[in-house]
$ cat upload02.json   # JSON, N, CA and C atoms
[["chain", "number", "residue", "atom", "x", "y", "z"],
["A", 140, "MET", "N", -10.60, 11.81, -25.32],
["A", 140, "MET", "CA", -10.90, 11.93, -23.90],
["A", 140, "MET", "C", -10.07, 10.90, -23.12],
["A", 141, "ALA", "N", -9.54, 11.32, -22.00],
["A", 141, "ALA", "CA", -8.70, 10.44, -21.17],
["A", 141, "ALA", "C", -9.54, 9.37, -20.48],
["A", 142, "GLU", "N", -8.96, 8.21, -20.30],
["A", 142, "GLU", "CA", -9.64, 7.14, -19.58],
["A", 142, "GLU", "C", -9.75, 7.51, -18.11],
["A", 143, "THR", "N", -10.82, 7.04, -17.48],
["A", 143, "THR", "CA", -11.00, 7.25, -16.06],
["A", 143, "THR", "C", -10.93, 5.91, -15.36],
["A", 144, "TRP", "N", -10.10, 5.84, -14.34],
["A", 144, "TRP", "CA", -9.92, 4.62, -13.57],
["A", 144, "TRP", "C", -10.41, 4.83, -12.15],
["A", 145, "GLU", "N", -11.00, 3.81, -11.58],
["A", 145, "GLU", "CA", -11.45, 3.83, -10.19],
["A", 145, "GLU", "C", -10.43, 3.03, -9.37],
["A", 146, "VAL", "N", -9.90, 3.64, -8.33],
["A", 146, "VAL", "CA", -8.99, 2.94, -7.43],
["A", 146, "VAL", "C", -9.84, 2.17, -6.42],
["A", 147, "LEU", "N", -9.68, 0.86, -6.40],
["A", 147, "LEU", "CA", -10.46, 0.02, -5.50],
["A", 147, "LEU", "C", -9.76, -0.20, -4.17],
["A", 148, "THR", "N", -8.46, -0.47, -4.22],
["A", 148, "THR", "CA", -7.70, -0.65, -2.99],
["A", 148, "THR", "C", -6.21, -0.69, -3.30],
["A", 149, "LEU", "N", -5.42, -0.59, -2.26],
["A", 149, "LEU", "CA", -3.98, -0.78, -2.34],
["A", 149, "LEU", "C", -3.67, -1.90, -1.36],
["A", 150, "ARG", "N", -3.32, -3.07, -1.90],
["A", 150, "ARG", "CA", -3.14, -4.27, -1.07],
["A", 150, "ARG", "C", -1.68, -4.49, -0.72],
["A", 151, "ASP", "N", -1.49, -5.05, 0.46],
["A", 151, "ASP", "CA", -0.19, -5.57, 0.88],
["A", 151, "ASP", "C", 0.95, -4.56, 0.78],
["A", 152, "LEU", "N", 0.67, -3.30, 1.09],
["A", 152, "LEU", "CA", 1.74, -2.30, 1.06],
["A", 152, "LEU", "C", 2.68, -2.61, 2.21],
["A", 153, "SER", "N", 3.93, -2.90, 1.90],
["A", 153, "SER", "CA", 4.87, -3.29, 2.95],
["A", 153, "SER", "C", 6.28, -2.88, 2.57],
["A", 154, "ALA", "N", 7.17, -3.01, 3.56],
["A", 154, "ALA", "CA", 8.57, -2.66, 3.37],
["A", 154, "ALA", "C", 9.43, -3.70, 4.07],
["A", 155, "ILE", "N", 10.69, -3.69, 3.74],
["A", 155, "ILE", "CA", 11.65, -4.62, 4.35],
["A", 155, "ILE", "C", 11.80, -4.35, 5.84],
["A", 156, "ASP", "N", 11.93, -3.08, 6.22],
["A", 156, "ASP", "CA", 12.09, -2.72, 7.64],
["A", 156, "ASP", "C", 11.52, -1.33, 7.89],
["A", 157, "GLU", "N", 11.54, -0.90, 9.14],
["A", 157, "GLU", "CA", 10.92, 0.38, 9.52],
["A", 157, "GLU", "C", 11.66, 1.59, 8.97],
["A", 158, "ARG", "N", 12.86, 1.42, 8.46],
["A", 158, "ARG", "CA", 13.62, 2.55, 7.89],
["A", 158, "ARG", "C", 13.52, 2.60, 6.37],
["A", 159, "ALA", "N", 12.71, 1.77, 5.79],
["A", 159, "ALA", "CA", 12.62, 1.64, 4.33],
["A", 159, "ALA", "C", 12.25, 2.98, 3.68],
["A", 160, "GLU", "N", 12.84, 3.21, 2.54],
["A", 160, "GLU", "CA", 12.54, 4.40, 1.74],
["A", 160, "GLU", "C", 11.60, 4.06, 0.59],
["A", 161, "GLU", "N", 11.25, 2.78, 0.46],
["A", 161, "GLU", "CA", 10.38, 2.36, -0.63],
["A", 161, "GLU", "C", 9.48, 1.22, -0.14],
["A", 162, "PHE", "N", 8.24, 1.24, -0.60],
["A", 162, "PHE", "CA", 7.26, 0.23, -0.21],
["A", 162, "PHE", "C", 6.75, -0.44, -1.49],
["A", 163, "THR", "N", 6.34, -1.69, -1.37],
["A", 163, "THR", "CA", 5.78, -2.39, -2.51],
["A", 163, "THR", "C", 4.38, -2.88, -2.17],
["A", 164, "GLY", "N", 3.54, -3.01, -3.18],
["A", 164, "GLY", "CA", 2.19, -3.49, -2.97],
["A", 164, "GLY", "C", 1.50, -3.71, -4.30],
["A", 165, "THR", "N", 0.19, -3.86, -4.23],
["A", 165, "THR", "CA", -0.61, -4.10, -5.43],
["A", 165, "THR", "C", -1.75, -3.08, -5.48],
["A", 166, "LEU", "N", -1.81, -2.32, -6.54],
["A", 166, "LEU", "CA", -2.88, -1.35, -6.77],
["A", 166, "LEU", "C", -3.98, -2.08, -7.54],
["A", 167, "VAL", "N", -5.18, -2.07, -7.00],
["A", 167, "VAL", "CA", -6.31, -2.74, -7.64],
["A", 167, "VAL", "C", -7.21, -1.65, -8.22],
["A", 168, "ILE", "N", -7.40, -1.68, -9.55],
["A", 168, "ILE", "CA", -8.12, -0.62, -10.25],
["A", 168, "ILE", "C", -9.14, -1.21, -11.22],
["A", 169, "HIS", "N", -10.05, -0.36, -11.65],
["A", 169, "HIS", "CA", -11.07, -0.77, -12.62],
["A", 169, "HIS", "C", -11.35, 0.42, -13.53],
["A", 170, "ARG", "N", -11.45, 0.17, -14.83],
["A", 170, "ARG", "CA", -11.77, 1.23, -15.79],
["A", 170, "ARG", "C", -13.25, 1.56, -15.65],
["A", 171, "VAL", "N", -13.56, 2.82, -15.36],
["A", 171, "VAL", "CA", -14.94, 3.26, -15.17],
["A", 171, "VAL", "C", -15.75, 3.00, -16.43],
["A", 172, "GLY", "N", -16.94, 2.39, -16.26],
["A", 172, "GLY", "CA", -17.84, 2.13, -17.37],
["A", 172, "GLY", "C", -17.50, 0.90, -18.18],
["A", 173, "SER", "N", -16.47, 0.18, -17.81],
["A", 173, "SER", "CA", -16.04, -0.98, -18.56],
["A", 173, "SER", "C", -16.58, -2.27, -17.94],
["A", 174, "SER", "N", -16.89, -3.23, -18.79],
["A", 174, "SER", "CA", -17.30, -4.53, -18.28],
["A", 174, "SER", "C", -16.08, -5.43, -18.09],
["A", 175, "GLU", "N", -14.91, -4.92, -18.43],
["A", 175, "GLU", "CA", -13.66, -5.68, -18.26],
["A", 175, "GLU", "C", -13.43, -5.93, -16.76],
["A", 176, "PRO", "N", -12.74, -7.00, -16.45],
["A", 176, "PRO", "CA", -12.48, -7.29, -15.04],
["A", 176, "PRO", "C", -11.53, -6.28, -14.40],
["A", 177, "VAL", "N", -11.47, -6.34, -13.11],
["A", 177, "VAL", "CA", -10.57, -5.49, -12.33],
["A", 177, "VAL", "C", -9.13, -5.84, -12.69],
["A", 178, "GLU", "N", -8.25, -4.85, -12.64],
["A", 178, "GLU", "CA", -6.84, -5.09, -12.91],
["A", 178, "GLU", "C", -6.02, -4.89, -11.65],
["A", 179, "SER", "N", -5.01, -5.69, -11.48],
["A", 179, "SER", "CA", -4.07, -5.56, -10.36],
["A", 179, "SER", "C", -2.71, -5.20, -10.94],
["A", 180, "VAL", "N", -2.11, -4.16, -10.38],
["A", 180, "VAL", "CA", -0.84, -3.66, -10.88],
["A", 180, "VAL", "C", 0.15, -3.62, -9.72],
["A", 181, "ALA", "N", 1.30, -4.28, -9.87],
["A", 181, "ALA", "CA", 2.35, -4.21, -8.86],
["A", 181, "ALA", "C", 2.91, -2.79, -8.85],
["A", 182, "VAL", "N", 3.08, -2.21, -7.64],
["A", 182, "VAL", "CA", 3.59, -0.84, -7.53],
["A", 182, "VAL", "C", 4.72, -0.76, -6.51],
["A", 183, "ARG", "N", 5.61, 0.19, -6.74],
["A", 183, "ARG", "CA", 6.63, 0.58, -5.76],
["A", 183, "ARG", "C", 6.37, 2.04, -5.45],
["A", 184, "VAL", "N", 6.33, 2.38, -4.17],
["A", 184, "VAL", "CA", 6.00, 3.74, -3.75],
["A", 184, "VAL", "C", 7.09, 4.25, -2.82],
["A", 185, "LYS", "N", 7.63, 5.41, -3.13],
["A", 185, "LYS", "CA", 8.66, 6.01, -2.27],
["A", 185, "LYS", "C", 8.03, 6.56, -0.99],
["A", 186, "ARG", "N", 8.82, 6.56, 0.08],
["A", 186, "ARG", "CA", 8.35, 7.05, 1.39],
["A", 186, "ARG", "C", 7.80, 8.47, 1.27],
["A", 187, "SER", "N", 8.45, 9.34, 0.51],
["A", 187, "SER", "CA", 8.00, 10.73, 0.38],
["A", 187, "SER", "C", 6.59, 10.80, -0.21],
["A", 188, "VAL", "N", 6.26, 9.90, -1.11],
["A", 188, "VAL", "CA", 4.92, 9.87, -1.70],
["A", 188, "VAL", "C", 3.90, 9.39, -0.68],
["A", 189, "VAL", "N", 4.25, 8.39, 0.13],
["A", 189, "VAL", "CA", 3.35, 7.91, 1.17],
["A", 189, "VAL", "C", 3.06, 9.02, 2.18],
["A", 190, "VAL", "N", 4.09, 9.77, 2.56],
["A", 190, "VAL", "CA", 3.92, 10.89, 3.50],
["A", 190, "VAL", "C", 3.02, 11.96, 2.89],
["A", 191, "GLU", "N", 3.25, 12.29, 1.62],
["A", 191, "GLU", "CA", 2.42, 13.30, 0.94],
["A", 191, "GLU", "C", 0.96, 12.84, 0.87],
["A", 192, "LEU", "N", 0.73, 11.57, 0.52],
["A", 192, "LEU", "CA", -0.64, 11.04, 0.48],
["A", 192, "LEU", "C", -1.29, 11.08, 1.86],
["A", 193, "HIS", "N", -0.54, 10.73, 2.88],
["A", 193, "HIS", "CA", -1.06, 10.76, 4.25],
["A", 193, "HIS", "C", -1.54, 12.17, 4.61],
["A", 194, "ASP", "N", -0.70, 13.16, 4.33],
["A", 194, "ASP", "CA", -1.06, 14.55, 4.64],
["A", 194, "ASP", "C", -2.25, 15.03, 3.82],
["A", 195, "THR", "N", -2.21, 14.77, 2.52],
["A", 195, "THR", "CA", -3.27, 15.23, 1.62],
["A", 195, "THR", "C", -4.60, 14.56, 1.93],
["A", 196, "LEU", "N", -4.59, 13.25, 2.10],
["A", 196, "LEU", "CA", -5.85, 12.54, 2.39],
["A", 196, "LEU", "C", -6.38, 12.91, 3.77],
["A", 197, "GLY", "N", -5.49, 13.14, 4.72],
["A", 197, "GLY", "CA", -5.93, 13.58, 6.05],
["A", 197, "GLY", "C", -6.66, 14.91, 5.99],
["A", 198, "ARG", "N", -6.11, 15.87, 5.23],
["A", 198, "ARG", "CA", -6.78, 17.18, 5.08],
["A", 198, "ARG", "C", -8.10, 17.03, 4.35],
["A", 199, "LEU", "N", -8.11, 16.23, 3.29],
["A", 199, "LEU", "CA", -9.33, 16.02, 2.51],
["A", 199, "LEU", "C", -10.43, 15.41, 3.38],
["A", 200, "LEU", "N", -10.09, 14.39, 4.14],
["A", 200, "LEU", "CA", -11.09, 13.74, 5.01],
["A", 200, "LEU", "C", -11.56, 14.66, 6.12],
["A", 201, "ALA", "N", -10.67, 15.48, 6.65],
["A", 201, "ALA", "CA", -11.05, 16.41, 7.72],
["A", 201, "ALA", "C", -12.07, 17.43, 7.23],
["A", 202, "ARG", "N", -11.99, 17.80, 5.93],
["A", 202, "ARG", "CA", -12.94, 18.77, 5.36],
["A", 202, "ARG", "C", -14.19, 18.12, 4.83],
["A", 203, "SER", "N", -14.16, 16.80, 4.68],
["A", 203, "SER", "CA", -15.28, 16.08, 4.09],
["A", 203, "SER", "C", -16.47, 16.03, 5.04],
["A", 204, "VAL", "N", -17.65, 16.24, 4.50],
["A", 204, "VAL", "CA", -18.87, 16.23, 5.30],
["A", 204, "VAL", "C", -19.09, 14.86, 5.94],
["A", 205, "GLY", "N", -18.74, 13.80, 5.23],
["A", 205, "GLY", "CA", -18.99, 12.45, 5.73],
["A", 205, "GLY", "C", -17.99, 11.97, 6.76],
["A", 206, "PHE", "N", -16.94, 12.73, 7.04],
["A", 206, "PHE", "CA", -15.89, 12.29, 7.97],
["A", 206, "PHE", "C", -16.24, 12.70, 9.38],
["A", 207, "ARG", "N", -16.34, 11.71, 10.25],
["A", 207, "ARG", "CA", -16.57, 11.96, 11.67],
["A", 207, "ARG", "C", -15.54, 11.16, 12.45],
["A", 208, "PRO", "N", -14.51, 11.84, 13.01],
["A", 208, "PRO", "CA", -13.48, 11.10, 13.74],
["A", 208, "PRO", "C", -14.07, 10.32, 14.91],
["A", 209, "GLN", "N", -13.58, 9.11, 15.10],
["A", 209, "GLN", "CA", -13.96, 8.29, 16.24],
["A", 209, "GLN", "C", -13.18, 8.76, 17.46],
["A", 210, "LYS", "N", -13.69, 8.49, 18.64],
["A", 210, "LYS", "CA", -12.96, 8.82, 19.85],
["A", 210, "LYS", "C", -11.61, 8.14, 19.83],
["A", 211, "GLY", "N", -10.53, 8.88, 20.02],
["A", 211, "GLY", "CA", -9.19, 8.33, 19.98],
["A", 211, "GLY", "C", -8.58, 8.27, 18.60],
["A", 212, "ASP", "N", -9.36, 8.65, 17.56],
["A", 212, "ASP", "CA", -8.85, 8.65, 16.19],
["A", 212, "ASP", "C", -7.90, 9.84, 16.03],
["A", 213, "ARG", "N", -6.78, 9.60, 15.38],
["A", 213, "ARG", "CA", -5.81, 10.66, 15.16],
["A", 213, "ARG", "C", -6.16, 11.54, 13.97],
["A", 214, "GLY", "N", -7.23, 11.20, 13.25],
["A", 214, "GLY", "CA", -7.67, 12.04, 12.15],
["A", 214, "GLY", "C", -6.99, 11.75, 10.83],
["A", 215, "GLY", "N", -6.18, 10.72, 10.76],
["A", 215, "GLY", "CA", -5.48, 10.38, 9.52],
["A", 215, "GLY", "C", -6.38, 9.61, 8.58],
["A", 216, "PRO", "N", -5.90, 9.36, 7.37],
["A", 216, "PRO", "CA", -6.68, 8.60, 6.40],
["A", 216, "PRO", "C", -6.93, 7.18, 6.87],
["A", 217, "ARG", "N", -8.00, 6.59, 6.39],
["A", 217, "ARG", "CA", -8.35, 5.22, 6.75],
["A", 217, "ARG", "C", -8.05, 4.29, 5.63]]
$ encode --input "upload02.json" --output "structure tokens"
Amino acid sequence: MAETWEVLTLRDLSAIDERAEEFTGTLVIHRVGSSEPVESVAVRVKRSVVVELHDTLGRLLARSVGFRPQKGDRGGPR
């Protein structure tokens, strides 16, 4: 059976400048059901992946029962 990991956060996602094609940050994860501590993994993410995640998470949240956009919210992922 495959391991299951819980994504806790993505910290410090940043780029050199506004035209960057790649971003760096730290993915903070935890193995589900494990008493082991949380793990932090350095990641590099291409702009195309960030755009895809933005679109996918936006659609997912828009369909989610718990999602209620705030006044002035553009409806994107939080």
$ select_by_dssp --input "upload02.json" --residues "chain A" --states "alpha helix (DSSP H)" --output "PDB file with N, CA and C atoms, in the coordinates of the input"
ATOM      1  N   ARG A 186       8.820   6.560   0.080  1.00  0.00           N
ATOM      2  CA  ARG A 186       8.350   7.050   1.390  1.00  0.00           C
ATOM      3  C   ARG A 186       7.800   8.470   1.270  1.00  0.00           C
ATOM      4  N   SER A 187       8.450   9.340   0.510  1.00  0.00           N
ATOM      5  CA  SER A 187       8.000  10.730   0.380  1.00  0.00           C
ATOM      6  C   SER A 187       6.590  10.800  -0.210  1.00  0.00           C
ATOM      7  N   VAL A 188       6.260   9.900  -1.110  1.00  0.00           N
ATOM      8  CA  VAL A 188       4.920   9.870  -1.700  1.00  0.00           C
ATOM      9  C   VAL A 188       3.900   9.390  -0.680  1.00  0.00           C
ATOM     10  N   VAL A 189       4.250   8.390   0.130  1.00  0.00           N
ATOM     11  CA  VAL A 189       3.350   7.910   1.170  1.00  0.00           C
ATOM     12  C   VAL A 189       3.060   9.020   2.180  1.00  0.00           C
ATOM     13  N   VAL A 190       4.090   9.770   2.560  1.00  0.00           N
ATOM     14  CA  VAL A 190       3.920  10.890   3.500  1.00  0.00           C
ATOM     15  C   VAL A 190       3.020  11.960   2.890  1.00  0.00           C
ATOM     16  N   GLU A 191       3.250  12.290   1.620  1.00  0.00           N
ATOM     17  CA  GLU A 191       2.420  13.300   0.940  1.00  0.00           C
ATOM     18  C   GLU A 191       0.960  12.840   0.870  1.00  0.00           C
ATOM     19  N   LEU A 192       0.730  11.570   0.520  1.00  0.00           N
ATOM     20  CA  LEU A 192      -0.640  11.040   0.480  1.00  0.00           C
ATOM     21  C   LEU A 192      -1.290  11.080   1.860  1.00  0.00           C
ATOM     22  N   HIS A 193      -0.540  10.730   2.880  1.00  0.00           N
ATOM     23  CA  HIS A 193      -1.060  10.760   4.250  1.00  0.00           C
ATOM     24  C   HIS A 193      -1.540  12.170   4.610  1.00  0.00           C
ATOM     25  N   ASP A 194      -0.700  13.160   4.330  1.00  0.00           N
ATOM     26  CA  ASP A 194      -1.060  14.550   4.640  1.00  0.00           C
ATOM     27  C   ASP A 194      -2.250  15.030   3.820  1.00  0.00           C
ATOM     28  N   THR A 195      -2.210  14.770   2.520  1.00  0.00           N
ATOM     29  CA  THR A 195      -3.270  15.230   1.620  1.00  0.00           C
ATOM     30  C   THR A 195      -4.600  14.560   1.930  1.00  0.00           C
ATOM     31  N   LEU A 196      -4.590  13.250   2.100  1.00  0.00           N
ATOM     32  CA  LEU A 196      -5.850  12.540   2.390  1.00  0.00           C
ATOM     33  C   LEU A 196      -6.380  12.910   3.770  1.00  0.00           C
ATOM     34  N   GLY A 197      -5.490  13.140   4.720  1.00  0.00           N
ATOM     35  CA  GLY A 197      -5.930  13.580   6.050  1.00  0.00           C
ATOM     36  C   GLY A 197      -6.660  14.910   5.990  1.00  0.00           C
ATOM     37  N   ARG A 198      -6.110  15.870   5.230  1.00  0.00           N
ATOM     38  CA  ARG A 198      -6.780  17.180   5.080  1.00  0.00           C
ATOM     39  C   ARG A 198      -8.100  17.030   4.350  1.00  0.00           C
ATOM     40  N   LEU A 199      -8.110  16.230   3.290  1.00  0.00           N
ATOM     41  CA  LEU A 199      -9.330  16.020   2.510  1.00  0.00           C
ATOM     42  C   LEU A 199     -10.430  15.410   3.380  1.00  0.00           C
ATOM     43  N   LEU A 200     -10.090  14.390   4.140  1.00  0.00           N
ATOM     44  CA  LEU A 200     -11.090  13.740   5.010  1.00  0.00           C
ATOM     45  C   LEU A 200     -11.560  14.660   6.120  1.00  0.00           C
ATOM     46  N   ALA A 201     -10.670  15.480   6.650  1.00  0.00           N
ATOM     47  CA  ALA A 201     -11.050  16.410   7.720  1.00  0.00           C
ATOM     48  C   ALA A 201     -12.070  17.430   7.230  1.00  0.00           C
ATOM     49  N   ARG A 202     -11.990  17.800   5.930  1.00  0.00           N
ATOM     50  CA  ARG A 202     -12.940  18.770   5.360  1.00  0.00           C
ATOM     51  C   ARG A 202     -14.190  18.120   4.830  1.00  0.00           C
TER      52      ARG A 202
END
$ select_by_dssp --input "upload02.json" --residues "chain A" --states "strand (DSSP E or B)" --output "PyMOL selection string"
chain A and resi 144-153+161-170+178-185
$ atom_distance --input "upload02.json" --atom1 "atom CA of Thr163 of chain A" --atom2 "atom CA of Arg198 of chain A"
24.5 Å
$ atom_distance --input "upload02.json" --atom1 "atom N of Val177 of chain A" --atom2 "atom N of Ala154 of chain A"
25.2 Å
$ atom_distance --input "upload02.json" --atom1 "atom N of Asp194 of chain A" --atom2 "atom CA of Ala141 of chain A"
26.9 Å
$ closest_residue --input "upload02.json" --among "A:Glu191, A:Glu157, A:Glu142, A:Asp151" --to "His169 of chain A" --atoms "only C-alpha atoms"
A:Glu142
$ closest_residue --input "upload02.json" --among "A:Arg186, A:Leu192, A:Leu200, A:Gly205" --to "Glu160 of chain A" --atoms "all atoms listed in the file"
A:Arg186
$ decode --input "upload02.json" --residues "segment 144-217 of chain A" --atoms "C-alpha atoms" --output "mmCIF file, in the first residue's frame"
data_model
loop_
_atom_site.group_PDB
_atom_site.id
_atom_site.type_symbol
_atom_site.label_atom_id
_atom_site.label_comp_id
_atom_site.auth_asym_id
_atom_site.auth_seq_id
_atom_site.Cartn_x
_atom_site.Cartn_y
_atom_site.Cartn_z
ATOM 1 C CA TRP A 144 1.214 12.232 3.184
ATOM 2 C CA GLU A 145 -0.615 15.273 4.512
ATOM 3 C CA VAL A 146 0.432 18.610 3.029
ATOM 4 C CA LEU A 147 0.601 21.114 5.882
ATOM 5 C CA THR A 148 1.805 24.212 4.052
ATOM 6 C CA LEU A 149 4.019 25.620 1.336
ATOM 7 C CA ARG A 150 6.314 28.198 2.928
ATOM 8 C CA ASP A 151 8.278 31.056 1.437
ATOM 9 C CA LEU A 152 7.317 30.447 -2.190
ATOM 10 C CA SER A 153 9.204 33.173 -4.012
ATOM 11 C CA ALA A 154 11.001 34.096 -7.206
ATOM 12 C CA ILE A 155 13.865 36.327 -8.258
ATOM 13 C CA ASP A 156 11.584 38.735 -10.172
ATOM 14 C CA GLU A 157 8.055 39.085 -11.559
ATOM 15 C CA ARG A 158 9.036 37.385 -14.841
ATOM 16 C CA ALA A 159 10.418 34.265 -13.164
ATOM 17 C CA GLU A 160 9.619 30.904 -14.695
ATOM 18 C CA GLU A 161 10.515 29.036 -11.516
ATOM 19 C CA PHE A 162 9.722 29.525 -7.832
ATOM 20 C CA THR A 163 11.408 28.065 -4.766
ATOM 21 C CA GLY A 164 9.996 27.302 -1.339
ATOM 22 C CA THR A 165 9.588 24.701 1.366
ATOM 23 C CA LEU A 166 6.888 22.025 1.330
ATOM 24 C CA VAL A 167 5.933 21.012 4.875
ATOM 25 C CA ILE A 168 4.438 17.505 5.036
ATOM 26 C CA HIS A 169 3.602 14.785 7.535
ATOM 27 C CA ARG A 170 3.126 11.043 7.018
ATOM 28 C CA VAL A 171 -0.483 10.220 7.947
ATOM 29 C CA GLY A 172 -0.724 8.025 11.044
ATOM 30 C CA SER A 173 2.945 8.427 11.913
ATOM 31 C CA SER A 174 4.335 9.694 15.190
ATOM 32 C CA GLU A 175 7.408 10.885 13.272
ATOM 33 C CA PRO A 176 7.918 14.635 13.166
ATOM 34 C CA VAL A 177 6.882 16.851 10.296
ATOM 35 C CA GLU A 178 9.253 16.953 7.333
ATOM 36 C CA SER A 179 10.313 20.018 5.365
ATOM 37 C CA VAL A 180 11.354 19.539 1.762
ATOM 38 C CA ALA A 181 12.946 22.234 -0.412
ATOM 39 C CA VAL A 182 11.016 22.487 -3.711
ATOM 40 C CA ARG A 183 11.335 24.222 -7.072
ATOM 41 C CA VAL A 184 8.064 24.784 -8.910
ATOM 42 C CA LYS A 185 7.691 25.866 -12.535
ATOM 43 C CA ARG A 186 5.342 28.762 -13.351
ATOM 44 C CA SER A 187 3.127 26.453 -15.455
ATOM 45 C CA VAL A 188 2.542 24.221 -12.410
ATOM 46 C CA VAL A 189 1.656 27.221 -10.214
ATOM 47 C CA VAL A 190 -0.856 28.381 -12.851
ATOM 48 C CA GLU A 191 -2.359 24.875 -13.111
ATOM 49 C CA LEU A 192 -2.669 24.636 -9.299
ATOM 50 C CA HIS A 193 -4.282 28.084 -9.164
ATOM 51 C CA ASP A 194 -6.905 27.079 -11.735
ATOM 52 C CA THR A 195 -7.546 23.620 -10.273
ATOM 53 C CA LEU A 196 -7.766 24.758 -6.649
ATOM 54 C CA GLY A 197 -9.973 27.690 -7.636
ATOM 55 C CA ARG A 198 -12.472 25.344 -9.319
ATOM 56 C CA LEU A 199 -12.317 22.891 -6.419
ATOM 57 C CA LEU A 200 -12.973 25.614 -3.833
ATOM 58 C CA ALA A 201 -15.777 27.132 -5.906
ATOM 59 C CA ARG A 202 -17.582 23.749 -5.872
ATOM 60 C CA SER A 203 -16.821 23.072 -2.224
ATOM 61 C CA VAL A 204 -19.712 23.373 0.213
ATOM 62 C CA GLY A 205 -17.504 25.100 2.786
ATOM 63 C CA PHE A 206 -16.310 27.832 0.396
ATOM 64 C CA ARG A 207 -18.026 31.180 0.757
ATOM 65 C CA PRO A 208 -16.313 34.010 -1.143
ATOM 66 C CA GLN A 209 -15.804 37.200 0.856
ATOM 67 C CA LYS A 210 -16.968 40.500 -0.584
ATOM 68 C CA GLY A 211 -14.271 41.582 -3.044
ATOM 69 C CA ASP A 212 -12.735 38.083 -3.152
ATOM 70 C CA ARG A 213 -11.673 37.060 -6.643
ATOM 71 C CA GLY A 214 -12.547 33.434 -5.900
ATOM 72 C CA GLY A 215 -9.000 32.094 -6.148
ATOM 73 C CA PRO A 216 -7.355 29.642 -3.783
ATOM 74 C CA ARG A 217 -6.367 30.832 -0.326
#
